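Written out below as structure tokens is the structure these notes cover.
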Amino acid sequence: MSTIYLGTLAHLKANPFESAGALEIIESGALWVDEKGMIIDYGKRADILPRVPEAWIEDYDDAWLIPGLIDGHIHYPQYYATAAYGGQLLDWLVRSILPAETAFADPVFAEDAARRFIKQLLACGTTTAMVFGSQFSLANKALFNAAKESGIRLIAGATLMDSPAEGIPDILLQTPRQAQDDAEMLIKLCRNEPLLHYAITPRYALSCSVEMMRMCADLLKNHPETYLQTHINENRSEVETVLRHFKHCTDYLEVYESFGLLTGRTVLAHNIQASDGELARVAHAGCAVCHCPSSNLFLGSGLFPLARHVNHGIPVALGTDIGAGTSFSLWKNLSDAYKIQQLQGLSLDVAHLLYLATLGGAKALHLESETGSFAPGKSADFFALDFHQSDYLAERLHQCNSLEEQLFCLLHLATEREVEATFVSGSRATP
Ligand code: GUN
Ligand code: ZN
């Protein structure tokens with residue numbers, strides 16, 4: 001039997017950076033989903049309901065139904081490392097983050113954390129996440145298992161480090177051989193799981209030897225269905241250190257370029273300090289970039305140049321970057337994304353913001369045929385946002401003159417507490 005979900009629908013029909021009228025809001029809306037969790041149609045409830053008198057109805061009243069959020073960058077072994085004091089990127093990594101990641105050597109601890117991590121994402125309305133995994137194979141297996149149990153769409157891979165440097169605990173280092181064997185085991189696991197994907201994950205230029213980078217390039221070539229994710233151009237001292245280390249490279253991008261790591265399936269996190277030359281080459285290679293607003297603010301990394309990325313035609317996703325990010329909610333990160341662009345003279349409207357967290361993220365991750373909007377044929381990945389959970393929020397929305405105004409307020413004022421339910425492929429994934 002099919003199901004019809006009732007509520008106020010909001011989603012993007014197109015890319016608002018390219019076309020006007022891309023945002024669609026339907027008051028008294030209906031989302032019609034088949035028994036396999038695929039969207040059959042959507043529209044006004046008065047139009048949809050008479051077409052399927054036998055459907056099961058789930059009535060969310062005037063709650064908003066919004067496509068599942070797509071978190072393009074988050075670290076699983078930093079689940080317990082949010083809000084850790086430690087200065088800017090390189091100091092913070094050594095002082096607070098790498099020690100926290102060693103705890104995932106314990107498979108029992110890692111398995112428990114994996115379940116909590118996925119549960120927390122779903123509670124925030126996130127239905128797709130691109131994840132930097134642990135350095136420990138059993139921990140990563142637990143992550144994929146937790147994702148499979150919960151139904152979330154997951155792209156993840158082991159976070160690779162083999163360059164011993166001051167402050168990196170030895171236990172976090174792998175050999176390229178070991179890393180390759182672990183990756184191949186998980187790549188095989190993903191083959192039979194439509195919602196699970198493997199991402200080859202060299203942590204960043206300073207963490208990987210030439211041999212590790214070459215191994216990553218070979219994996220990417222041998223397994224074209226995989227993704228590659230890494231960090232780039234996040235922090236000024238990081239860029240200077242990278243250029244001191246890779247003397248033959250004129251910029252950070254050239255490090256990855258020289259190893260053949262830039263493809264249409266590469267997702268580069270941050271890219272705040274990029275030159276125009278680097279942006280042109282990122283665009284030419286077809287890579288996507290993931291902007292992580294609350295992380296950039298927390299670490300004081302800088303203001304992401306969104307307009308320059310868009311002007312170069314680079315697909316941009318949004319990420320929470322837990323533990324540098326201060327919220328698991330990508331929705332909350334949208335408010336920071338707005339403020340970061342405000343500081344650069346760009347006032348993003350609600351269509352552009354919602355696009356980045358949904359359809360734009362899906363496009364950046366090549367998942368737009370499966371998720372990111374309510375287009376018929378896609379999976380029913382969505383969440384219900386009930387603004388009545390907060391008296392103030394309901395009062396504030398009541399003063400708005402349009403639904404678009406209400407949605408803009410919600411982007412800034414709603415939190416995960418207002419997420420009433422999250423669905424992936426039509427199945428409720430939250431209690
Ligand atoms: N660069 C290398 N590792 C990391 C990490 O764990 N977090 C962030 N934000 N940047 C990094
Ligand atoms: Zn990161």
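Chain labels follow the order of the structure tokens: the first chain is A, the next B, and so on; residue numbering restarts at 1 in every chain, and ligands are counted from 1 in their shown order.
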
Within 6 Å of ligand 1 (only C-alpha atoms and all ligand atoms), residues as JSON, numbers by chain:
{"A": [203, 204, 231, 324]}

In segment 202-373 of chain A, DSSP alpha helix (DSSP H) residues written as a ChimeraX atom specification:
/A:210-222,236-245,252-258,276-285,293-298,306-311,330-342,350-357,359-364

Show me which residues line ligand 2, defined as having an atom within 8 Å of a ligand atom where only C-alpha atoms and all ligand atoms count, and present them as an MDAnalysis selection string.
chainID A and resid 73:75 132 230:231 269 321:324

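For Ile187 of chain A, the non-local neighbours within 10 Å, defined as residues at least 4 positions apart in the same chain or in other chains and counting only C-alpha atoms, are Gly157, Asp181, Asp182, Ala183, Arg191, Asn192, Leu196, His197, Tyr198, Ala199, Ile200, Leu219, His223, Glu225 and Thr226 of chain A.
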
Within 10 Å of Lys44 of chain A, counting only C-alpha atoms, which residues show up once you throw out same-chain ones fewer than 5 positions away? Write them as a list in words, please.
Leu6, Gly7, Thr8, Leu9, Ile26, Glu27, Ser28, Gly29, Ala30, Leu31 and Leu49 of chain A

Neighbouring residues of Leu410 of chain A were defined as those with any atom within 12 Å, considering only C-alpha atoms; residues of the same chain fewer than 5 positions away were excluded. Please report them as a VMD selection string.
chain A and resid 10 63 to 64 66 331 to 332 334 to 335 350 353 to 354 385 to 388 390 392 to 398 400 403 to 405 415 to 416 418 to 419

If you measure from atom CA of Tyr42 of chain A to atom CA of Ala375 of chain A, what distance in Å do you get, rounded to one decimal?
7.9 Å

Name the residues of segment 123-333 of chain A that fall into strand (DSSP E or B) according to DSSP on the backbone, using the chain letters and numbers of this document, as a PyMOL selection string.
chain A and resi 126-132+153-157+159-160+196-202+227-232+266-270+288-291+316-318

Proximity to Lys363 of chain A - best of A:Ala317, A:Glu58, A:Tyr256, A:Leu121, only C-alpha atoms
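Smallest separation from Lys363 of chain A among the options: A:Ala317.
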
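The space separating atom CA of Cys124 of chain A from atom CA of Tyr338 of chain A comes to 18.9 Å.
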
Between atom CA of Leu346 of chain A and atom CA of Gly313 of chain A - distance in Å to one decimal
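One can read the atom CA of Gly313 of chain A to atom CA of Leu346 of chain A distance as 17.2 Å.
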
A:Ile4, A:Ala384, A:Leu173, A:Leu243 ranked by distance to Ser134 of chain A, top pick (using only C-alpha atoms):
A:Leu173

Within 7 Å of Asp71 of chain A, counting only C-alpha atoms, which residues qualify if same-chain residues fewer than 2 places away don't, as a ChimeraX atom specification?
/A:69,73,126,128-130,318-320,330

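Considering the residues A:Met213, A:Ala156, A:Leu365, A:Leu220 and counting only C-alpha atoms, Cys190 of chain A has its shortest atom-to-atom contact with A:Ala156.
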
Using only C-alpha atoms, which residue out of A:Ile340, A:Leu172, A:Ile118, A:Leu268 lies closest to Ala147 of chain A?
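Comparing A:Ile340, A:Leu172, A:Ile118, A:Leu268 against Ala147 of chain A, the winner is A:Ile118.
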
Would you kindly return, as a VMD selection string, each protein, DNA or RNA residue with an atom no farther than 9 Å from any atom of segment 296-311 of chain A, considering only C-alpha atoms and excluding same-chain residues fewer than 3 positions away?
chain A and resid 17 83 86 to 89 92 234 to 236 270 to 274 276 279 283 289 291 to 293 314 to 316 324 to 326 336 to 337 340 to 341 343 to 344 346

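Among A:Pro164, A:Gly372, A:Phe104, A:Ile152, the residue with the shortest atom-to-atom distance to Leu138 of chain A, counting only C-alpha atoms, is A:Phe104.
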